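Structure data follow from my_file_18.pdb (PDB, C-alpha atoms, pLDDT in the B column):
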```
ATOM      1  CA  MET A   1      -4.309  -1.285  15.146  1.00 48.00           C
ATOM      2  CA  THR A   2      -7.338  -3.492  14.647  1.00 71.00           C
ATOM      3  CA  PHE A   3      -6.254  -5.176  11.422  1.00 79.00           C
ATOM      4  CA  TRP A   4      -2.616  -5.976  12.355  1.00 88.00           C
ATOM      5  CA  GLY A   5      -3.660  -9.594  12.879  1.00 89.00           C
ATOM      6  CA  HIS A   6      -4.793  -9.726   9.244  1.00 93.00           C
ATOM      7  CA  VAL A   7      -1.363  -8.713   7.940  1.00 95.00           C
ATOM      8  CA  VAL A   8       0.245 -11.933   6.730  1.00 96.00           C
ATOM      9  CA  VAL A   9       3.491 -12.804   4.995  1.00 97.00           C
ATOM     10  CA  GLY A  10       2.738 -13.091   1.286  1.00 97.00           C
ATOM     11  CA  GLY A  11      -0.362 -10.876   1.526  1.00 97.00           C
ATOM     12  CA  PHE A  12      -0.863  -7.417   0.086  1.00 97.00           C
ATOM     13  CA  VAL A  13      -0.869  -4.207   2.112  1.00 97.00           C
ATOM     14  CA  ALA A  14      -1.376  -0.556   1.198  1.00 96.00           C
ATOM     15  CA  VAL A  15       0.899   1.858   3.031  1.00 95.00           C
ATOM     16  CA  SER A  16       0.658   5.579   3.624  1.00 92.00           C
ATOM     17  CA  LEU A  17       3.876   7.382   2.696  1.00 89.00           C
ATOM     18  CA  LEU A  18       4.603  11.101   2.749  1.00 83.00           C
ATOM     19  CA  GLY A  19       4.328  12.531  -0.767  1.00 78.00           C
ATOM     20  CA  TYR A  20       2.245   9.662  -2.148  1.00 80.00           C
ATOM     21  CA  ASP A  21      -1.263  10.993  -1.657  1.00 74.00           C
ATOM     22  CA  LYS A  22      -2.515  10.498  -5.219  1.00 78.00           C
ATOM     23  CA  THR A  23      -1.122   7.106  -6.252  1.00 83.00           C
ATOM     24  CA  PRO A  24      -1.589   4.094  -3.981  1.00 90.00           C
ATOM     25  CA  VAL A  25       1.546   2.422  -2.629  1.00 95.00           C
ATOM     26  CA  ILE A  26       1.104  -1.335  -2.309  1.00 97.00           C
ATOM     27  CA  GLY A  27       3.347  -4.280  -1.697  1.00 97.00           C
ATOM     28  CA  THR A  28       3.490  -7.840  -0.521  1.00 97.00           C
ATOM     29  CA  VAL A  29       4.654  -8.599   2.991  1.00 98.00           C
ATOM     30  CA  ILE A  30       7.986 -10.428   3.078  1.00 97.00           C
ATOM     31  CA  GLU A  31       8.552 -10.308   6.851  1.00 97.00           C
ATOM     32  CA  LYS A  32       6.451  -9.325   9.830  1.00 97.00           C
ATOM     33  CA  SER A  33       7.660  -8.563  13.347  1.00 95.00           C
ATOM     34  CA  GLN A  34       5.760  -7.134  16.313  1.00 92.00           C
ATOM     35  CA  GLU A  35       6.032  -3.536  15.110  1.00 93.00           C
ATOM     36  CA  LYS A  36       7.379  -3.579  11.535  1.00 96.00           C
ATOM     37  CA  ILE A  37       6.929  -5.173   8.149  1.00 96.00           C
ATOM     38  CA  LEU A  38       9.268  -5.649   5.220  1.00 98.00           C
ATOM     39  CA  ILE A  39       7.407  -5.229   1.946  1.00 97.00           C
ATOM     40  CA  GLU A  40       8.200  -5.794  -1.695  1.00 97.00           C
ATOM     41  CA  TYR A  41       6.826  -2.793  -3.576  1.00 97.00           C
ATOM     42  CA  TRP A  42       4.548  -3.200  -6.578  1.00 97.00           C
ATOM     43  CA  LYS A  43       4.079  -0.544  -9.244  1.00 95.00           C
ATOM     44  CA  GLY A  44       0.916   0.300 -11.110  1.00 95.00           C
ATOM     45  CA  SER A  45      -2.033   2.631 -10.746  1.00 91.00           C
ATOM     46  CA  ARG A  46      -5.682   2.516  -9.780  1.00 88.00           C
ATOM     47  CA  ASN A  47      -6.841   1.456 -13.234  1.00 91.00           C
ATOM     48  CA  LYS A  48      -3.774  -0.282 -14.666  1.00 94.00           C
ATOM     49  CA  LYS A  49      -2.073  -3.563 -13.976  1.00 96.00           C
ATOM     50  CA  TRP A  50       0.302  -3.986 -11.042  1.00 97.00           C
ATOM     51  CA  GLN A  51       3.605  -5.845 -11.051  1.00 97.00           C
ATOM     52  CA  PRO A  52       6.574  -6.239  -8.704  1.00 96.00           C
ATOM     53  CA  TRP A  53       8.721  -3.089  -8.783  1.00 94.00           C
ATOM     54  CA  LYS A  54      12.303  -3.685  -9.764  1.00 92.00           C
ATOM     55  CA  GLU A  55      14.993  -1.093  -9.106  1.00 84.00           C
ATOM     56  CA  ARG A  56      18.232  -1.729 -11.016  1.00 89.00           C
ATOM     57  CA  GLY A  57      17.086  -5.275 -11.744  1.00 90.00           C
ATOM     58  CA  GLN A  58      16.367  -6.089  -8.092  1.00 93.00           C
ATOM     59  CA  LEU A  59      13.042  -6.181  -6.312  1.00 93.00           C
ATOM     60  CA  TRP A  60      12.519  -2.967  -4.375  1.00 93.00           C
ATOM     61  CA  THR A  61      11.903  -3.638  -0.684  1.00 95.00           C
ATOM     62  CA  ASP A  62      11.629  -1.471   2.413  1.00 95.00           C
ATOM     63  CA  LYS A  63      10.766  -1.712   6.114  1.00 97.00           C
ATOM     64  CA  HIS A  64       7.796   0.176   7.501  1.00 95.00           C
ATOM     65  CA  SER A  65       6.147   0.666  10.849  1.00 94.00           C
ATOM     66  CA  LYS A  66       2.812  -1.063  11.255  1.00 93.00           C
ATOM     67  CA  ASP A  67       1.319   2.430  11.680  1.00 92.00           C
ATOM     68  CA  CYS A  68       1.858   3.084   7.937  1.00 93.00           C
ATOM     69  CA  ILE A  69      -0.552   0.326   6.913  1.00 95.00           C
ATOM     70  CA  TYR A  70      -4.067   1.459   6.088  1.00 94.00           C
ATOM     71  CA  LEU A  71      -5.402  -1.503   4.109  1.00 95.00           C
ATOM     72  CA  THR A  72      -4.690  -5.209   4.069  1.00 95.00           C
ATOM     73  CA  ALA A  73      -6.246  -8.531   3.121  1.00 91.00           C
ATOM     74  CA  PHE A  74      -6.935  -7.530  -0.483  1.00 96.00           C
ATOM     75  CA  GLU A  75      -6.007  -9.290  -3.708  1.00 96.00           C
ATOM     76  CA  LEU A  76      -5.435  -8.294  -7.305  1.00 97.00           C
ATOM     77  CA  GLN A  77      -7.795  -9.530 -10.003  1.00 96.00           C
ATOM     78  CA  ASP A  78      -6.048 -10.031 -13.336  1.00 96.00           C
ATOM     79  CA  SER A  79      -3.198  -7.932 -11.839  1.00 97.00           C
ATOM     80  CA  LYS A  80      -5.618  -5.032 -11.180  1.00 97.00           C
ATOM     81  CA  LEU A  81      -7.182  -3.581  -8.044  1.00 97.00           C
ATOM     82  CA  HIS A  82     -10.747  -4.656  -7.283  1.00 96.00           C
ATOM     83  CA  PRO A  83     -13.254  -1.744  -7.466  1.00 96.00           C
ATOM     84  CA  GLU A  84     -13.964  -1.928  -3.707  1.00 96.00           C
ATOM     85  CA  THR A  85     -10.225  -1.841  -2.945  1.00 96.00           C
ATOM     86  CA  LYS A  86      -9.852   1.218  -5.193  1.00 95.00           C
ATOM     87  CA  ARG A  87     -12.720   2.929  -3.374  1.00 95.00           C
ATOM     88  CA  GLN A  88     -11.200   2.239   0.047  1.00 95.00           C
ATOM     89  CA  MET A  89      -7.818   3.568  -1.101  1.00 94.00           C
ATOM     90  CA  ARG A  90      -9.367   6.675  -2.676  1.00 92.00           C
ATOM     91  CA  ASP A  91     -11.363   7.397   0.503  1.00 93.00           C
ATOM     92  CA  PHE A  92      -8.280   7.023   2.708  1.00 91.00           C
ATOM     93  CA  MET A  93      -6.076   9.215   0.510  1.00 88.00           C
ATOM     94  CA  SER A  94      -8.788  11.881   0.304  1.00 87.00           C
ATOM     95  CA  ARG A  95      -9.061  11.968   4.113  1.00 86.00           C
ATOM     96  CA  GLU A  96      -5.265  12.158   4.418  1.00 82.00           C
ATOM     97  CA  ARG A  97      -5.073  15.072   1.952  1.00 76.00           C
ATOM     98  CA  ASN A  98      -7.811  16.911   3.861  1.00 76.00           C
ATOM     99  CA  ASN A  99      -6.059  16.282   7.194  1.00 73.00           C
ATOM    100  CA  ASN A 100      -2.747  17.538   5.799  1.00 64.00           C
ATOM    101  CA  GLU A 101      -4.394  20.697   4.452  1.00 58.00           C
ATOM    102  CA  LEU A 102      -5.839  21.388   7.900  1.00 51.00           C
ATOM    103  CA  ILE A 103      -2.361  21.089   9.448  1.00 50.00           C
ATOM    104  CA  LEU A 104      -0.817  23.518   6.980  1.00 45.00           C
TER     105      LEU A 104
END
```
Rewritten as structure tokens:
Amino acid sequence: MTFWGHVVVGGFVAVSLLGYDKTPVIGTVIEKSQEKILIEYWKGSRNKKWQPWKERGQLWTDKHSKDCIYLTAFELQDSKLHPETKRQMRDFMSRERNNNELIL
């Protein structure tokens, strides 16, 4: 993975998760090991503001393989995704949908 070195604790990542091919899934990296990351999920949408996602009053976190990451080293502007970040996410999710349709 060419951008694994750019994944840093405290930075944002976008992850590819089964069933989430229309809404981006982003989070901040809490821990990073050689093969996995622990992220704190954020909720929002392409055109709305993002904020940390709380589940039952607690921040929602989860571990993921580094293979799930498709975008890193981006920031939010006024709690929103930058237009170029949105484009990159849209392009990735469109490719993923097309690949999944070919498999079916």
Return as AutoDock Vina command-line options the centre and edge lengths, in Å with one decimal, of the box along x, y and z that encloses every atom of region 81-85 of chain A in the file, padded by 6 Å per side.
```
--center_x -10.6 --center_y -3.2 --center_z -5.5 --size_x 18.8 --size_y 14.9 --size_z 17.1
```
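Shortest separation to Gly27 (chain A) among A:Tyr70, A:Trp53, A:Trp42, A:Trp60 occurs at residue A:Trp42, atoms counted being only C-alpha atoms.
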Practice prompt. Skip Tyr41 (chain A) itself and residues of its chain fewer than 3 positions away, then list as an MDAnalysis selection string all residues within 12 Å of it, counting all atoms listed in the file.
Written response: chainID A and resid 11:15 24:30 37:38 44 50:55 58:64
Worksheet item: Which is closer to Lys49 (chain A) than all the others in A:Asp78, A:Phe3, A:Pro83, A:Asp91, using all atoms listed in the file?
Response: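 Smallest separation from Lys49 (chain A) among the options: A:Asp78.
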Discussion item. Between CA of Thr23 (chain A) and CA of Arg46 (chain A), what is the distance in Å, rounded to a tenth?
Written reply: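 Computed distance, CA of Thr23 (chain A) to CA of Arg46 (chain A), equals 7.4 Å.
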Discussion item. What's the separation between CA of His6 (chain A) and CA of Glu96 (chain A), in Å to one decimal place?
Written reply: 22.4 Å
Discussion item. I'd like the interatomic distance between CA of Glu84 (chain A) and CA of Leu71 (chain A), to a tenth of an Å.
Written reply: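 Atom-to-atom, CA of Glu84 (chain A) to CA of Leu71 (chain A), that is 11.6 Å.
Within the file as shown, the PyMOL selection byres ((chain A and resi 35) around 9) identifies Lys32, Ser33, Gln34, Lys36, Ile37, His64, Ser65, Lys66 and Asp67 of chain A.
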Discussion item. Counting only C-alpha atoms, which residues sit no farther than 8 Å from the position (-8.0, -3.1, -6.2) in the file's frame? I'd like them as a list in words.
Written reply: Arg46, Phe74, Glu75, Leu76, Gln77, Lys80, Leu81, His82, Pro83, Glu84, Thr85 and Lys86 of chain A
Residues just named, written with C-alpha atoms as an mmCIF file, keeping the file's coordinate frame:
```cif
data_model
loop_
_atom_site.group_PDB
_atom_site.id
_atom_site.type_symbol
_atom_site.label_atom_id
_atom_site.label_comp_id
_atom_site.auth_asym_id
_atom_site.auth_seq_id
_atom_site.Cartn_x
_atom_site.Cartn_y
_atom_site.Cartn_z
ATOM 1 C CA ARG A 46 -5.682 2.516 -9.780
ATOM 2 C CA PHE A 74 -6.935 -7.530 -0.483
ATOM 3 C CA GLU A 75 -6.007 -9.290 -3.708
ATOM 4 C CA LEU A 76 -5.435 -8.294 -7.305
ATOM 5 C CA GLN A 77 -7.795 -9.530 -10.003
ATOM 6 C CA LYS A 80 -5.618 -5.032 -11.180
ATOM 7 C CA LEU A 81 -7.182 -3.581 -8.044
ATOM 8 C CA HIS A 82 -10.747 -4.656 -7.283
ATOM 9 C CA PRO A 83 -13.254 -1.744 -7.466
ATOM 10 C CA GLU A 84 -13.964 -1.928 -3.707
ATOM 11 C CA THR A 85 -10.225 -1.841 -2.945
ATOM 12 C CA LYS A 86 -9.852 1.218 -5.193
#
```
Discussion item. Here is a test: counting only C-alpha atoms, which residue of A:Gly10, A:Tyr20, A:Arg56, A:Lys43 is nearest to Met89 (chain A)?
Written reply: A:Tyr20
Emit a file covering region 29-50 of chain A of the preceding structure with N, CA, C and O atoms, as a tab-separated table (two decimals), in the first residue's frame.
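In the end it all went to out.tsv:
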```
chain	number	residue	atom	x	y	z
A	29	VAL	N	-7.44	8.50	13.08
A	29	VAL	CA	-6.63	7.38	13.53
A	29	VAL	C	-6.25	7.59	14.99
A	29	VAL	O	-5.69	8.62	15.36
A	30	ILE	N	-6.59	6.59	15.82
A	30	ILE	CA	-6.25	6.64	17.24
A	30	ILE	C	-4.97	5.84	17.50
A	30	ILE	O	-4.13	6.25	18.29
A	31	GLU	N	-4.86	4.69	16.83
A	31	GLU	CA	-3.67	3.84	16.95
A	31	GLU	C	-3.32	3.29	15.58
A	31	GLU	O	-4.20	3.08	14.75
A	32	LYS	N	-2.02	3.03	15.40
A	32	LYS	CA	-1.56	2.44	14.15
A	32	LYS	C	-0.52	1.38	14.48
A	32	LYS	O	0.43	1.65	15.20
A	33	SER	N	-0.73	0.17	13.96
A	33	SER	CA	0.27	-0.89	14.09
A	33	SER	C	0.78	-1.21	12.70
A	33	SER	O	0.47	-0.50	11.74
A	34	GLN	N	1.50	-2.31	12.54
A	34	GLN	CA	2.04	-2.64	11.22
A	34	GLN	C	0.96	-2.97	10.21
A	34	GLN	O	1.10	-2.70	9.03
A	35	GLU	N	-0.14	-3.57	10.65
A	35	GLU	CA	-1.17	-4.02	9.72
A	35	GLU	C	-2.57	-3.46	9.98
A	35	GLU	O	-3.46	-3.63	9.16
A	36	LYS	N	-2.78	-2.82	11.12
A	36	LYS	CA	-4.12	-2.38	11.50
A	36	LYS	C	-4.11	-0.95	12.02
A	36	LYS	O	-3.08	-0.43	12.44
A	37	ILE	N	-5.31	-0.37	11.99
A	37	ILE	CA	-5.52	0.94	12.61
A	37	ILE	C	-6.76	0.86	13.48
A	37	ILE	O	-7.66	0.07	13.24
A	38	LEU	N	-6.78	1.69	14.50
A	38	LEU	CA	-7.97	1.91	15.32
A	38	LEU	C	-8.42	3.31	14.99
A	38	LEU	O	-7.64	4.26	15.09
A	39	ILE	N	-9.70	3.42	14.52
A	39	ILE	CA	-10.19	4.75	14.16
A	39	ILE	C	-11.39	5.13	15.03
A	39	ILE	O	-12.11	4.28	15.53
A	40	GLU	N	-11.54	6.42	15.17
A	40	GLU	CA	-12.73	7.01	15.79
A	40	GLU	C	-13.59	7.51	14.63
A	40	GLU	O	-13.17	8.37	13.85
A	41	TYR	N	-14.77	6.89	14.49
A	41	TYR	CA	-15.66	7.25	13.38
A	41	TYR	C	-16.18	8.68	13.51
A	41	TYR	O	-16.41	9.18	14.62
A	42	TRP	N	-16.40	9.30	12.36
A	42	TRP	CA	-17.06	10.59	12.28
A	42	TRP	C	-18.31	10.40	11.43
A	42	TRP	O	-18.34	9.57	10.54
A	43	LYS	N	-19.36	11.15	11.74
A	43	LYS	CA	-20.58	11.07	10.94
A	43	LYS	C	-20.82	12.39	10.24
A	43	LYS	O	-20.47	13.46	10.74
A	44	GLY	N	-21.42	12.27	9.06
A	44	GLY	CA	-21.71	13.42	8.23
A	44	GLY	C	-22.06	12.92	6.85
A	44	GLY	O	-22.43	11.77	6.66
A	45	SER	N	-21.94	13.78	5.86
A	45	SER	CA	-22.17	13.39	4.48
A	45	SER	C	-21.30	14.26	3.58
A	45	SER	O	-20.64	15.18	4.06
A	46	ARG	N	-21.35	13.97	2.30
A	46	ARG	CA	-20.48	14.71	1.37
A	46	ARG	C	-20.63	16.22	1.48
A	46	ARG	O	-19.65	16.94	1.38
A	47	ASN	N	-21.86	16.69	1.65
A	47	ASN	CA	-22.09	18.13	1.62
A	47	ASN	C	-22.45	18.75	2.97
A	47	ASN	O	-22.71	19.94	3.04
A	48	LYS	N	-22.48	17.94	4.01
A	48	LYS	CA	-22.82	18.46	5.34
A	48	LYS	C	-21.62	18.39	6.26
A	48	LYS	O	-20.60	17.79	5.93
A	49	LYS	N	-21.77	18.98	7.41
A	49	LYS	CA	-20.68	18.99	8.38
A	49	LYS	C	-20.47	17.61	9.00
A	49	LYS	O	-21.41	16.82	9.11
A	50	TRP	N	-19.23	17.36	9.38
A	50	TRP	CA	-18.83	16.11	10.03
A	50	TRP	C	-18.52	16.37	11.49
A	50	TRP	O	-18.05	17.46	11.85
```
